[in-house]
>>> print(open('input_10.txt').read())   # compact mmCIF, C-alpha atoms
# COMPACT_ATOMS: atom_id res chain seq x y z
CA MET A 1 -27.59 141.41 -22.06
CA ARG A 2 -24.10 140.69 -23.40
CA HIS A 3 -20.84 142.00 -21.95
CA LEU A 4 -17.24 141.57 -23.02
CA MET A 5 -14.87 140.20 -20.38
CA SER A 6 -12.56 138.00 -22.43
CA PRO A 7 -11.95 137.73 -26.17
CA LEU A 8 -13.20 134.15 -25.94
CA ASP A 9 -16.67 135.41 -24.93
CA PHE A 10 -17.46 135.60 -28.64
CA THR A 11 -17.49 132.54 -30.88
CA THR A 12 -15.45 132.69 -34.07
CA ASP A 13 -18.73 133.15 -35.98
CA GLU A 14 -19.69 136.09 -33.75
CA LEU A 15 -16.21 137.57 -34.18
CA SER A 16 -16.57 137.26 -37.91
CA VAL A 17 -19.89 139.17 -37.77
CA LEU A 18 -18.27 141.80 -35.52
CA MET A 19 -15.33 142.27 -37.89
CA ASP A 20 -17.68 142.41 -40.91
CA LEU A 21 -19.49 145.25 -39.13
CA ALA A 22 -16.14 147.00 -38.50
CA ASP A 23 -15.34 146.60 -42.21
CA ASP A 24 -18.67 148.19 -43.12
CA ILE A 25 -18.03 151.06 -40.68
CA ILE A 26 -14.65 151.65 -42.38
CA ALA A 27 -16.27 151.60 -45.82
CA HIS A 28 -19.40 153.63 -44.94
CA PRO A 29 -18.75 155.74 -41.82
CA GLU A 30 -21.67 158.07 -42.65
CA LYS A 31 -24.16 155.22 -42.16
CA TYR A 32 -23.16 154.98 -38.49
CA ALA A 33 -22.42 158.62 -37.65
CA HIS A 34 -25.70 159.08 -35.72
CA ARG A 35 -26.46 155.52 -34.70
CA CYS A 36 -25.71 156.29 -31.04
CA ASP A 37 -27.35 159.72 -30.84
CA GLY A 38 -28.65 160.20 -27.30
CA ARG A 39 -26.59 157.33 -25.89
CA ILE A 40 -23.83 157.66 -23.29
CA LEU A 41 -20.66 155.64 -22.82
CA ALA A 42 -19.10 155.71 -19.32
CA THR A 43 -15.32 155.29 -19.32
CA LEU A 44 -14.33 154.17 -15.82
CA PHE A 45 -10.54 154.19 -15.85
CA TYR A 46 -9.03 153.39 -12.46
CA GLU A 47 -5.52 153.50 -13.90
CA PRO A 48 -4.02 155.78 -16.51
CA SER A 49 -4.39 154.81 -20.15
CA THR A 50 -4.12 157.08 -23.14
CA ARG A 51 -4.81 154.96 -26.17
CA THR A 52 -7.52 152.68 -24.86
CA ARG A 53 -9.56 155.43 -23.22
CA LEU A 54 -9.28 157.83 -26.14
CA SER A 55 -10.01 155.01 -28.56
CA PHE A 56 -13.25 154.19 -26.72
CA GLU A 57 -14.19 157.87 -26.55
CA SER A 58 -13.41 158.39 -30.21
CA ALA A 59 -15.48 155.32 -31.10
CA MET A 60 -18.53 156.57 -29.20
CA LEU A 61 -18.20 160.14 -30.52
CA ARG A 62 -17.91 158.86 -34.10
CA LEU A 63 -21.19 157.00 -33.54
CA GLY A 64 -22.88 160.23 -32.46
CA GLY A 65 -22.96 159.31 -28.76
CA LYS A 66 -21.61 161.10 -25.72
CA VAL A 67 -19.00 160.14 -23.14
CA LEU A 68 -18.55 160.65 -19.41
CA GLY A 69 -16.19 159.13 -16.89
CA PHE A 70 -12.92 159.45 -15.04
CA ALA A 71 -9.32 158.84 -16.08
CA THR A 72 -7.64 157.93 -12.79
CA ALA A 73 -8.74 156.37 -9.52
CA ASP A 74 -7.71 159.59 -7.71
CA SER A 75 -10.43 161.51 -9.47
CA SER A 76 -13.13 158.94 -8.70
CA SER A 77 -15.03 157.75 -5.66
CA ALA A 78 -12.55 154.84 -5.45
CA ALA A 79 -10.23 157.31 -3.69
CA LYS A 80 -12.89 157.47 -0.95
CA GLY A 81 -12.92 153.70 -0.76
CA GLU A 82 -16.01 152.93 -2.83
CA SER A 83 -16.20 149.38 -4.14
CA VAL A 84 -16.37 148.54 -7.84
CA ALA A 85 -19.77 146.93 -7.24
CA ASP A 86 -21.23 150.14 -5.77
CA THR A 87 -19.71 152.35 -8.46
CA ILE A 88 -21.22 150.32 -11.31
CA ARG A 89 -24.64 150.23 -9.65
CA ILE A 90 -24.63 154.03 -9.70
CA VAL A 91 -23.09 154.39 -13.16
CA SER A 92 -25.77 152.03 -14.54
CA GLY A 93 -28.17 154.91 -14.01
CA TYR A 94 -25.93 157.49 -15.68
CA ALA A 95 -24.89 155.73 -18.89
CA ASP A 96 -26.04 153.14 -21.43
CA ILE A 97 -22.78 151.20 -21.74
CA CYS A 98 -19.51 151.16 -19.82
CA ALA A 99 -15.83 150.51 -20.52
CA MET A 100 -13.78 149.77 -17.41
CA ARG A 101 -10.01 149.68 -16.88
CA HIS A 102 -8.81 148.60 -13.43
CA PRO A 103 -5.42 147.54 -12.04
CA LYS A 104 -6.90 144.51 -10.26
CA GLU A 105 -7.58 141.28 -12.12
CA GLY A 106 -11.26 140.37 -12.35
CA ALA A 107 -12.52 143.90 -11.58
CA ALA A 108 -14.63 144.06 -14.74
CA LEU A 109 -16.25 140.75 -13.83
CA VAL A 110 -17.26 142.15 -10.44
CA ALA A 111 -18.76 145.14 -12.27
CA MET A 112 -20.55 142.90 -14.77
CA GLN A 113 -22.23 140.94 -11.98
CA LYS A 114 -23.88 144.07 -10.59
CA SER A 115 -24.36 146.10 -13.75
CA LEU A 116 -27.62 146.97 -15.46
CA ILE A 117 -25.78 148.07 -18.62
CA PRO A 118 -23.29 146.24 -20.89
CA VAL A 119 -19.76 146.27 -19.45
CA ILE A 120 -16.66 146.12 -21.62
CA ASN A 121 -13.45 145.05 -19.93
CA ALA A 122 -10.93 147.65 -21.06
CA GLY A 123 -8.11 145.90 -19.21
CA ASP A 124 -8.01 144.30 -15.75
CA GLY A 125 -4.42 144.30 -14.51
CA GLY A 126 -2.32 141.63 -16.17
CA HIS A 127 -5.35 139.46 -16.82
CA GLN A 128 -7.42 140.34 -19.91
CA HIS A 129 -7.58 143.14 -22.43
CA PRO A 130 -10.12 141.82 -24.92
CA THR A 131 -10.55 144.95 -27.05
CA GLN A 132 -6.80 144.93 -27.73
CA THR A 133 -7.15 141.36 -28.98
CA LEU A 134 -10.12 142.31 -31.15
CA THR A 135 -8.04 145.21 -32.50
CA ASP A 136 -5.16 142.86 -33.31
CA MET A 137 -7.47 140.41 -35.02
CA LEU A 138 -9.17 143.07 -37.15
CA THR A 139 -5.73 144.44 -38.12
CA ILE A 140 -4.51 140.99 -39.15
CA ARG A 141 -7.71 140.11 -41.02
CA SER A 142 -7.78 143.46 -42.82
CA LEU A 143 -4.11 143.51 -43.83
CA LYS A 144 -3.45 139.78 -44.31
CA GLY A 145 -6.93 138.88 -45.55
CA ARG A 146 -7.22 135.90 -43.19
CA LEU A 147 -6.91 134.67 -39.62
CA ASP A 148 -5.97 131.10 -40.51
CA ASN A 149 -2.81 129.63 -42.10
CA LEU A 150 -0.45 132.05 -40.36
CA THR A 151 2.94 131.72 -38.70
CA ILE A 152 2.96 134.27 -35.91
CA GLY A 153 6.04 135.39 -34.01
CA LEU A 154 5.37 136.81 -30.54
CA CYS A 155 8.30 138.64 -29.07
CA GLY A 156 9.23 140.21 -25.73
CA ASP A 157 7.44 139.79 -22.44
CA LEU A 158 5.49 136.59 -22.98
CA LYS A 159 5.19 135.92 -19.25
CA PHE A 160 3.24 138.96 -18.08
CA GLY A 161 2.04 140.17 -21.49
CA ARG A 162 -1.72 139.78 -21.32
CA THR A 163 -2.18 140.83 -24.95
CA VAL A 164 0.01 137.93 -26.01
CA HIS A 165 -1.92 135.40 -23.92
CA SER A 166 -5.26 136.63 -25.22
CA LEU A 167 -4.04 136.66 -28.79
CA ILE A 168 -2.73 133.09 -28.58
CA LYS A 169 -5.99 131.82 -27.09
CA SER A 170 -8.01 133.64 -29.74
CA LEU A 171 -5.96 132.72 -32.80
CA ALA A 172 -5.58 129.12 -31.61
CA ARG A 173 -9.22 128.71 -32.64
CA TYR A 174 -8.33 129.13 -36.34
CA GLU A 175 -6.96 126.47 -38.70
CA ASN A 176 -3.24 125.94 -39.20
CA VAL A 177 -1.95 128.78 -37.06
CA LYS A 178 1.62 128.27 -35.80
CA PHE A 179 3.32 130.26 -33.07
CA VAL A 180 6.97 131.18 -32.70
CA LEU A 181 7.56 132.38 -29.12
CA ILE A 182 10.57 134.67 -28.83
CA SER A 183 11.61 135.66 -25.31
CA PRO A 184 14.42 135.50 -22.76
CA ASP A 185 14.18 132.58 -20.32
CA GLU A 186 12.82 134.80 -17.53
CA LEU A 187 9.89 136.01 -19.64
CA LYS A 188 8.84 132.75 -21.29
CA ILE A 189 5.18 131.97 -21.84
CA PRO A 190 3.53 130.61 -18.65
CA SER A 191 2.77 126.90 -18.45
CA TYR A 192 -0.99 127.44 -18.44
CA ILE A 193 -0.71 128.78 -21.98
CA ARG A 194 1.98 126.33 -23.14
CA ASP A 195 0.28 123.24 -21.68
CA ASP A 196 -3.39 124.10 -21.35
CA VAL A 197 -3.76 125.92 -24.67
CA LEU A 198 -0.99 125.06 -27.12
CA ARG A 199 -0.19 121.46 -26.19
CA ALA A 200 -3.78 120.65 -25.22
CA GLN A 201 -4.99 121.72 -28.68
CA ASN A 202 -2.02 120.24 -30.58
CA ILE A 203 -0.98 123.62 -31.91
CA GLU A 204 2.46 123.82 -33.45
CA PHE A 205 4.83 126.17 -31.59
CA THR A 206 8.51 126.74 -31.02
CA GLU A 207 10.31 128.70 -28.33
CA VAL A 208 13.47 130.62 -29.23
CA ALA A 209 15.59 133.39 -27.71
CA HIS A 210 16.58 135.45 -30.77
CA ILE A 211 14.47 137.23 -33.40
CA GLU A 212 17.14 136.87 -36.09
CA ASP A 213 16.92 133.07 -35.97
CA VAL A 214 13.27 132.94 -37.00
CA ILE A 215 12.22 136.26 -38.56
CA ASP A 216 12.50 134.92 -42.13
CA SER A 217 9.77 132.33 -41.44
CA LEU A 218 7.10 134.68 -40.06
CA ASP A 219 3.87 136.09 -41.54
CA LEU A 220 3.50 138.40 -38.54
CA LEU A 221 5.80 139.63 -35.82
CA TYR A 222 3.96 140.83 -32.73
CA MET A 223 6.29 142.89 -30.54
CA THR A 224 5.52 143.66 -26.90
CA ARG A 225 6.90 145.98 -24.28
CA VAL A 226 8.43 144.77 -21.04
CA GLN A 227 6.06 146.51 -18.61
CA ARG A 228 7.47 148.06 -15.46
CA GLU A 229 4.10 147.84 -13.68
CA ARG A 230 4.06 144.02 -13.91
CA PHE A 231 7.29 143.63 -11.92
CA PHE A 232 7.51 143.69 -8.15
CA ASN A 233 11.29 143.94 -8.46
CA GLU A 234 12.81 146.98 -10.21
CA GLU A 235 16.14 145.16 -10.74
CA ASP A 236 14.53 142.47 -12.89
CA TYR A 237 12.73 145.10 -14.94
CA VAL A 238 15.91 147.07 -15.65
CA ARG A 239 17.80 143.92 -16.63
CA LEU A 240 15.14 142.71 -19.08
CA LYS A 241 13.62 145.85 -20.57
CA ASP A 242 16.00 146.21 -23.49
CA PHE A 243 16.50 142.54 -24.29
CA TYR A 244 14.96 142.96 -27.76
CA VAL A 245 15.25 145.80 -30.20
CA LEU A 246 13.75 145.40 -33.64
CA ASP A 247 15.76 147.55 -36.03
CA LYS A 248 16.27 148.04 -39.77
CA LYS A 249 19.00 145.40 -39.90
CA LYS A 250 16.74 142.71 -38.49
CA MET A 251 13.89 143.83 -40.76
CA GLU A 252 16.14 143.15 -43.75
CA LEU A 253 15.99 139.46 -42.82
CA ALA A 254 12.19 139.44 -42.74
CA PRO A 255 9.88 138.40 -45.61
CA ARG A 256 8.63 141.28 -47.74
CA ASP A 257 5.02 140.73 -46.67
CA MET A 258 5.64 140.16 -42.97
CA LEU A 259 3.70 142.60 -40.79
CA VAL A 260 4.99 144.11 -37.55
CA LEU A 261 2.33 144.70 -34.90
CA HIS A 262 2.65 146.19 -31.43
CA PRO A 263 -0.11 147.00 -28.91
CA LEU A 264 1.74 150.25 -28.02
CA PRO A 265 3.09 152.13 -26.22
CA ARG A 266 6.55 151.03 -27.27
CA VAL A 267 9.64 152.03 -25.39
CA ASN A 268 12.88 150.76 -26.94
CA GLU A 269 11.78 147.47 -28.47
CA ILE A 270 11.17 148.92 -31.94
CA ALA A 271 13.70 151.42 -33.23
CA PRO A 272 12.05 154.55 -34.70
CA GLU A 273 13.81 153.83 -38.02
CA VAL A 274 11.44 150.87 -38.50
CA ASP A 275 8.39 153.20 -38.49
CA GLU A 276 8.98 154.13 -42.14
CA ASP A 277 8.98 150.49 -43.24
CA GLU A 278 5.61 149.72 -44.88
CA ARG A 279 5.51 146.42 -43.00
CA ALA A 280 5.31 148.34 -39.70
CA VAL A 281 1.54 148.57 -39.14
CA TYR A 282 1.35 149.44 -35.44
CA PHE A 283 0.00 152.93 -36.04
CA LYS A 284 -2.64 151.60 -38.45
CA GLN A 285 -3.45 149.07 -35.71
CA GLY A 286 -4.51 151.98 -33.49
CA ARG A 287 -7.01 153.11 -36.14
CA TYR A 288 -8.46 149.63 -36.42
CA GLY A 289 -8.88 149.79 -32.63
CA VAL A 290 -11.41 152.60 -33.00
CA TYR A 291 -13.38 150.75 -35.70
CA ILE A 292 -13.59 147.49 -33.76
CA ARG A 293 -14.70 149.40 -30.64
CA MET A 294 -17.39 151.14 -32.72
CA ALA A 295 -18.56 147.73 -33.91
CA LEU A 296 -18.46 146.41 -30.34
CA ILE A 297 -20.45 149.32 -28.88
CA LEU A 298 -23.11 148.87 -31.57
CA SER A 299 -23.24 145.11 -31.04
CA LEU A 300 -23.66 145.36 -27.27
CA LEU A 301 -26.13 148.26 -27.38
CA PHE A 302 -28.21 146.84 -30.22
CA PRO A 303 -27.58 143.07 -30.20
CA GLU A 304 -30.78 142.20 -32.01
CA GLU A 305 -29.67 144.34 -34.93
CA TYR A 306 -25.92 143.72 -35.11
CA MET A 307 -25.19 140.36 -33.49
CA LYS A 308 -27.30 138.23 -35.81
CA ASN A 309 -25.37 135.70 -37.85
CA MET B 1 -6.81 98.73 17.87
CA LEU B 2 -8.46 101.69 19.55
CA ASN B 3 -12.24 101.40 19.75
CA VAL B 4 -14.59 104.31 19.37
CA GLY B 5 -18.26 103.56 20.03
CA LYS B 6 -21.00 103.35 17.38
CA ILE B 7 -22.92 106.44 16.41
CA GLU B 8 -26.68 106.53 15.94
CA GLU B 9 -26.91 109.23 13.28
CA GLY B 10 -24.13 110.94 11.39
CA PHE B 11 -21.09 110.08 9.29
CA VAL B 12 -17.99 107.99 9.31
CA LEU B 13 -15.37 109.45 7.00
CA ASP B 14 -12.86 106.75 6.22
CA HIS B 15 -9.66 106.47 4.17
CA ILE B 16 -8.54 110.01 4.97
CA LYS B 17 -4.85 110.49 4.26
CA ALA B 18 -2.89 110.03 7.49
CA GLY B 19 -2.41 113.37 9.23
CA GLU B 20 -5.23 115.14 7.32
CA ALA B 21 -8.05 114.63 9.83
CA MET B 22 -7.42 117.89 11.70
CA VAL B 23 -7.32 119.88 8.47
CA LEU B 24 -10.58 118.31 7.41
CA TYR B 25 -12.07 118.98 10.86
CA HIS B 26 -11.50 122.71 10.39
CA ASP B 27 -12.29 122.92 6.67
CA LEU B 28 -15.62 121.17 7.12
CA GLY B 29 -16.44 123.53 9.99
CA LEU B 30 -16.82 120.64 12.45
CA ASP B 31 -15.18 122.78 15.11
CA LYS B 32 -18.22 125.06 14.94
CA LEU B 33 -20.80 122.30 15.38
CA ASP B 34 -22.25 121.42 18.75
CA CYS B 35 -21.99 117.67 18.25
CA CYS B 36 -19.82 114.72 19.09
CA VAL B 37 -16.79 114.30 16.82
CA ALA B 38 -14.10 111.63 17.07
CA LEU B 39 -10.80 111.98 15.23
CA ILE B 40 -8.66 108.92 14.81
CA THR B 41 -5.26 109.44 13.30
CA ASN B 42 -2.70 106.96 12.02
CA ALA B 43 -5.07 103.99 12.11
CA ARG B 44 -3.78 100.83 10.40
CA SER B 45 -5.05 100.34 6.88
CA ASN B 46 -4.48 97.48 4.43
CA LYS B 47 -5.12 99.82 1.52
CA MET B 48 -3.18 102.88 2.67
CA GLY B 49 -0.77 101.67 5.33
CA LYS B 50 -1.91 104.44 7.67
CA LYS B 51 -5.09 106.46 7.53
CA ASP B 52 -7.22 108.88 9.49
CA ILE B 53 -10.90 108.40 10.33
CA VAL B 54 -13.45 111.00 11.45
CA LYS B 55 -16.76 110.09 13.08
CA VAL B 56 -19.37 112.79 13.40
CA GLU B 57 -22.63 112.41 15.27
CA CYS B 58 -25.00 114.93 13.68
CA PRO B 59 -28.12 115.14 11.51
CA VAL B 60 -27.33 113.66 8.07
CA ASP B 61 -28.06 116.88 6.19
CA MET B 62 -25.34 118.81 7.99
CA LEU B 63 -22.33 117.70 5.96
CA ASP B 64 -21.29 119.65 2.85
CA PHE B 65 -20.32 116.99 0.30
CA ASP B 66 -18.99 119.63 -2.11
CA ILE B 67 -16.40 120.80 0.39
CA LEU B 68 -15.54 117.23 1.28
CA GLY B 69 -15.17 116.33 -2.42
CA PHE B 70 -12.92 119.33 -2.89
CA ILE B 71 -10.72 118.42 0.09
CA ASP B 72 -10.28 114.81 -1.07
CA HIS B 73 -12.76 112.99 -3.27
CA ASN B 74 -11.11 109.64 -2.43
CA ILE B 75 -12.46 109.71 1.13
CA THR B 76 -15.08 107.02 1.84
CA VAL B 77 -18.27 108.44 3.30
CA ASN B 78 -20.55 106.19 5.36
CA VAL B 79 -23.92 107.71 6.18
CA ILE B 80 -25.27 106.32 9.44
CA LYS B 81 -28.91 106.24 10.58
CA ASP B 82 -30.25 104.25 13.53
CA GLY B 83 -26.76 102.88 14.05
CA GLU B 84 -26.58 101.34 10.53
CA ILE B 85 -24.84 102.33 7.32
CA VAL B 86 -27.61 103.55 5.03
CA GLY B 87 -25.53 105.00 2.22
CA LYS B 88 -22.05 105.38 0.78
CA PRO B 89 -22.31 108.40 -1.51
CA LYS B 90 -19.45 108.68 -3.97
CA LEU B 91 -17.65 111.99 -3.64
CA GLU B 92 -17.01 114.03 -6.74
CA LEU B 93 -14.94 117.10 -7.40
CA PRO B 94 -17.42 119.97 -7.19
CA LYS B 95 -17.67 122.16 -10.30
CA ARG B 96 -17.56 125.27 -8.11
CA ILE B 97 -16.34 126.08 -4.63
CA THR B 98 -18.02 129.16 -3.21
CA GLY B 99 -17.10 130.97 -0.02
CA VAL B 100 -14.72 128.31 1.31
CA ILE B 101 -11.23 129.08 0.07
CA GLU B 102 -9.72 132.45 -0.73
CA CYS B 103 -7.69 133.61 -3.70
CA LYS B 104 -4.11 134.36 -2.65
CA ASN B 105 -3.23 136.44 -5.72
CA PRO B 106 -2.45 139.98 -4.48
CA ARG B 107 -3.36 141.31 -7.94
CA CYS B 108 -6.89 139.85 -7.76
CA ILE B 109 -9.86 142.18 -7.23
CA SER B 110 -11.01 139.81 -4.45
CA SER B 111 -8.05 141.03 -2.37
CA ILE B 112 -9.59 144.51 -2.01
CA GLU B 113 -13.27 144.49 -3.00
CA GLN B 114 -15.62 144.65 -0.01
CA GLY B 115 -18.23 141.94 0.35
CA ILE B 116 -16.91 139.76 -2.44
CA ILE B 117 -17.57 136.03 -2.22
CA HIS B 118 -14.53 134.03 -3.28
CA GLU B 119 -15.35 131.47 -5.92
CA PHE B 120 -13.25 128.84 -7.66
CA ILE B 121 -14.15 126.92 -10.78
CA LEU B 122 -12.97 123.43 -11.70
CA THR B 123 -11.18 123.99 -15.02
CA ASP B 124 -9.43 120.63 -15.41
CA GLU B 125 -11.10 117.64 -13.82
CA GLU B 126 -8.29 115.22 -14.66
CA LYS B 127 -5.57 117.37 -13.10
CA GLU B 128 -7.94 118.65 -10.38
CA ILE B 129 -7.21 122.27 -11.20
CA TYR B 130 -9.35 125.01 -9.71
CA ARG B 131 -9.02 128.61 -10.83
CA CYS B 132 -10.29 131.80 -9.23
CA LYS B 133 -13.42 133.01 -10.99
CA TYR B 134 -12.06 136.56 -11.07
CA CYS B 135 -8.34 136.39 -11.86
CA GLU B 136 -8.09 132.73 -13.04
CA GLU B 137 -5.15 132.15 -10.70
CA ARG B 138 -4.72 128.45 -9.99
CA TYR B 139 -5.52 127.33 -6.46
CA SER B 140 -2.95 125.09 -4.89
CA LYS B 141 -4.56 122.43 -2.73
CA LYS B 142 -1.32 121.90 -0.85
CA ARG B 143 -1.99 123.89 2.25
CA ARG B 144 0.91 122.77 4.38
>>> encode(input="input_10.txt", output="structure tokens")
Amino acid sequence: MRHLMSPLDFTTDELSVLMDLADDIIAHPEKYAHRCDGRILATLFYEPSTRTRLSFESAMLRLGGKVLGFATADSSSAAKGESVADTIRIVSGYADICAMRHPKEGAALVAMQKSLIPVINAGDGGHQHPTQTLTDMLTIRSLKGRLDNLTIGLCGDLKFGRTVHSLIKSLARYENVKFVLISPDELKIPSYIRDDVLRAQNIEFTEVAHIEDVIDSLDLLYMTRVQRERFFNEEDYVRLKDFYVLDKKKMELAPRDMLVLHPLPRVNEIAPEVDEDERAVYFKQGRYGVYIRMALILSLLFPEEYMKN
Amino acid sequence: MLNVGKIEEGFVLDHIKAGEAMVLYHDLGLDKLDCCVALITNARSNKMGKKDIVKVECPVDMLDFDILGFIDHNITVNVIKDGEIVGKPKLELPKRITGVIECKNPRCISSIEQGIIHEFILTDEEKEIYRCKYCEERYSKKRR
């Protein structure tokens, strides 16, 4: 039985098969509309999430399946002190596949170890959020036509931003990908990414403090939000939250085919005036998130059918 | 030089960094064994200047080489049987450390989940980096 804990759980060949399946779902949704009839997805969300939970639910419903679960820890047995291990043992009897979001790092792995059904990590604190990475990759592949030969700007909170770390590790596996890391000093990429991933694999990267200095050289600009929940100190959060704002003026400096991605929700880091720019693809990105989750659910529920190379 | 008598069966752990013998005594769980243990600290050493030595009289299958390798794989282990050295196993960094050290990351699920067994995985042998299996936080071997 396969699970998804980290985006690196799948080889690049397996990812290619998964994204091909997502492409086919986009092209022929009717073929898949009843593929999960009679199947149940459990969404175990121990912390609030709008997009990810609804995206999973939409994915399962579009496949003809059904959904059950909870949306906050308060409304689950966790409020009574039940462990993750006990919860998943019980849920294994209620559903066929599970997506779990938890504020603690490694929670999905604990669930996976005791689960009788495939577990998808839908975010474990600041650690991993693999389906966001798969969403980003499908968006890039669909709109750029490739995952190699790209210069990718990553901007904002590069220290705590798990989506950024996952994306770097995943795209580092493709040929000739360069990274431009744009952040204030306090939110620079951690050394385990800089040294253990980028330097260890001889991947070209630069670190800068201002978007304007580099935006003209980028194929993609991946914006991130400075997340209040990752700070122990409110003062630091307030000081850093508005460090970057991507606006129309900065977009004028960007190449005409540069794409702007954002895992959402955004706060102030992208001005609403940028939404009308055709290079702003963050809302499309959300749609790709449903398709890749459909492909993932199918692949984990029916691996012999959908995970073959 | 201080003399400590020969042991019939057990271990002599030599070339321990000076001052580390007590740490090793606790980490190896020697304080929980009902056997004779001698700790020698700050012994003269040509190689190290000063060193610690631990002698343990116990059955030879009682020592956990994985834990010892994790604590310091440069320690020399002499296995003693019938009063003679019968082996000098080379210590290696264990690939996994289970149930010995705890993850200190307050964001890790291991900080709240009941009954969880802490586990660390060797992710970089050259730099001797261990990371928590759950949150991937790096474990710092500097305990003092």
>>> interface_residues(input="input_10.txt", of="chain B", to="chain A", cutoff="9 Å", atoms="all atoms listed in the file", output="list in words")
Pro106, Arg107, Cys108, Ile109, Ser110, Ser111, Ile112, Glu113, Gln114, Gly115, Ile116, Lys133, Tyr134, Cys135 and Glu136 of chain B
>>> atom_distance(input="input_10.txt", atom1="CA of Val17 in chain A", atom2="CA of Ile152 in chain A")
23.4 Å
>>> atom_distance(input="input_10.txt", atom1="CA of Met48 in chain B", atom2="CA of Gly19 in chain B")
12.4 Å
>>> atom_distance(input="input_10.txt", atom1="CA of Val60 in chain B", atom2="CA of Lys81 in chain B")
8.0 Å
>>> residues_around(input="input_10.txt", residues="Arg96 in chain B", least_positions_apart="5", cutoff="7 Å", atoms="all atoms listed in the file", output="PyMOL selection string")
chain B and resi 119-122
>>> closest_residue(input="input_10.txt", among="B:Met62, B:Asp124, B:Gly83, B:Lys88", to="Lys32 in chain B", atoms="all atoms listed in the file")
B:Met62
>>> closest_residue(input="input_10.txt", among="B:Ile67, B:Ser45, B:Arg138, B:Pro89", to="His26 in chain B", atoms="all atoms listed in the file")
B:Ile67
>>> residues_around(input="input_10.txt", residues="Leu181 in chain A", least_positions_apart="6", cutoff="8 Å", atoms="only C-alpha atoms", output="VMD selection string")
chain A and resid 153 to 155 158 188 to 189 205 to 208
>>> residues_around(input="input_10.txt", residues="range 284-291 of chain A", least_positions_apart="4", cutoff="10 Å", atoms="all atoms listed in the file", output="ChimeraX atom specification")
/A:19,21-26,29,51-52,54-60,62,131-140,142-143,260-264,280,295-297
>>> residues_around(input="input_10.txt", residues="Tyr25 in chain B", least_positions_apart="5", cutoff="9 Å", atoms="all atoms listed in the file", output="list in words")
Glu20, Leu30, Asp31, Val37, Leu39 and Val54 of chain B
>>> residues_around(input="input_10.txt", residues="Asn74 in chain B", least_positions_apart="6", cutoff="8 Å", atoms="all atoms listed in the file", output="list in words")
His15, Ile16 and Leu91 of chain B
>>> closest_residue(input="input_10.txt", among="B:Asp27, B:Glu9, B:Asp82, B:Glu126", to="Pro59 in chain B", atoms="all atoms listed in the file")
B:Glu9
>>> closest_residue(input="input_10.txt", among="A:Leu301, A:Val177, A:Val238, A:Leu150", to="Met258 in chain A", atoms="only C-alpha atoms")
A:Leu150
>>> closest_residue(input="input_10.txt", among="B:Ile80, B:Ile40, B:Leu28, B:Leu68", to="Lys6 in chain B", atoms="only C-alpha atoms")
B:Ile80
>>> closest_residue(input="input_10.txt", among="A:Leu8, A:Val226, A:Leu68, A:Val180", to="Ala209 in chain A", atoms="all atoms listed in the file")
A:Val180
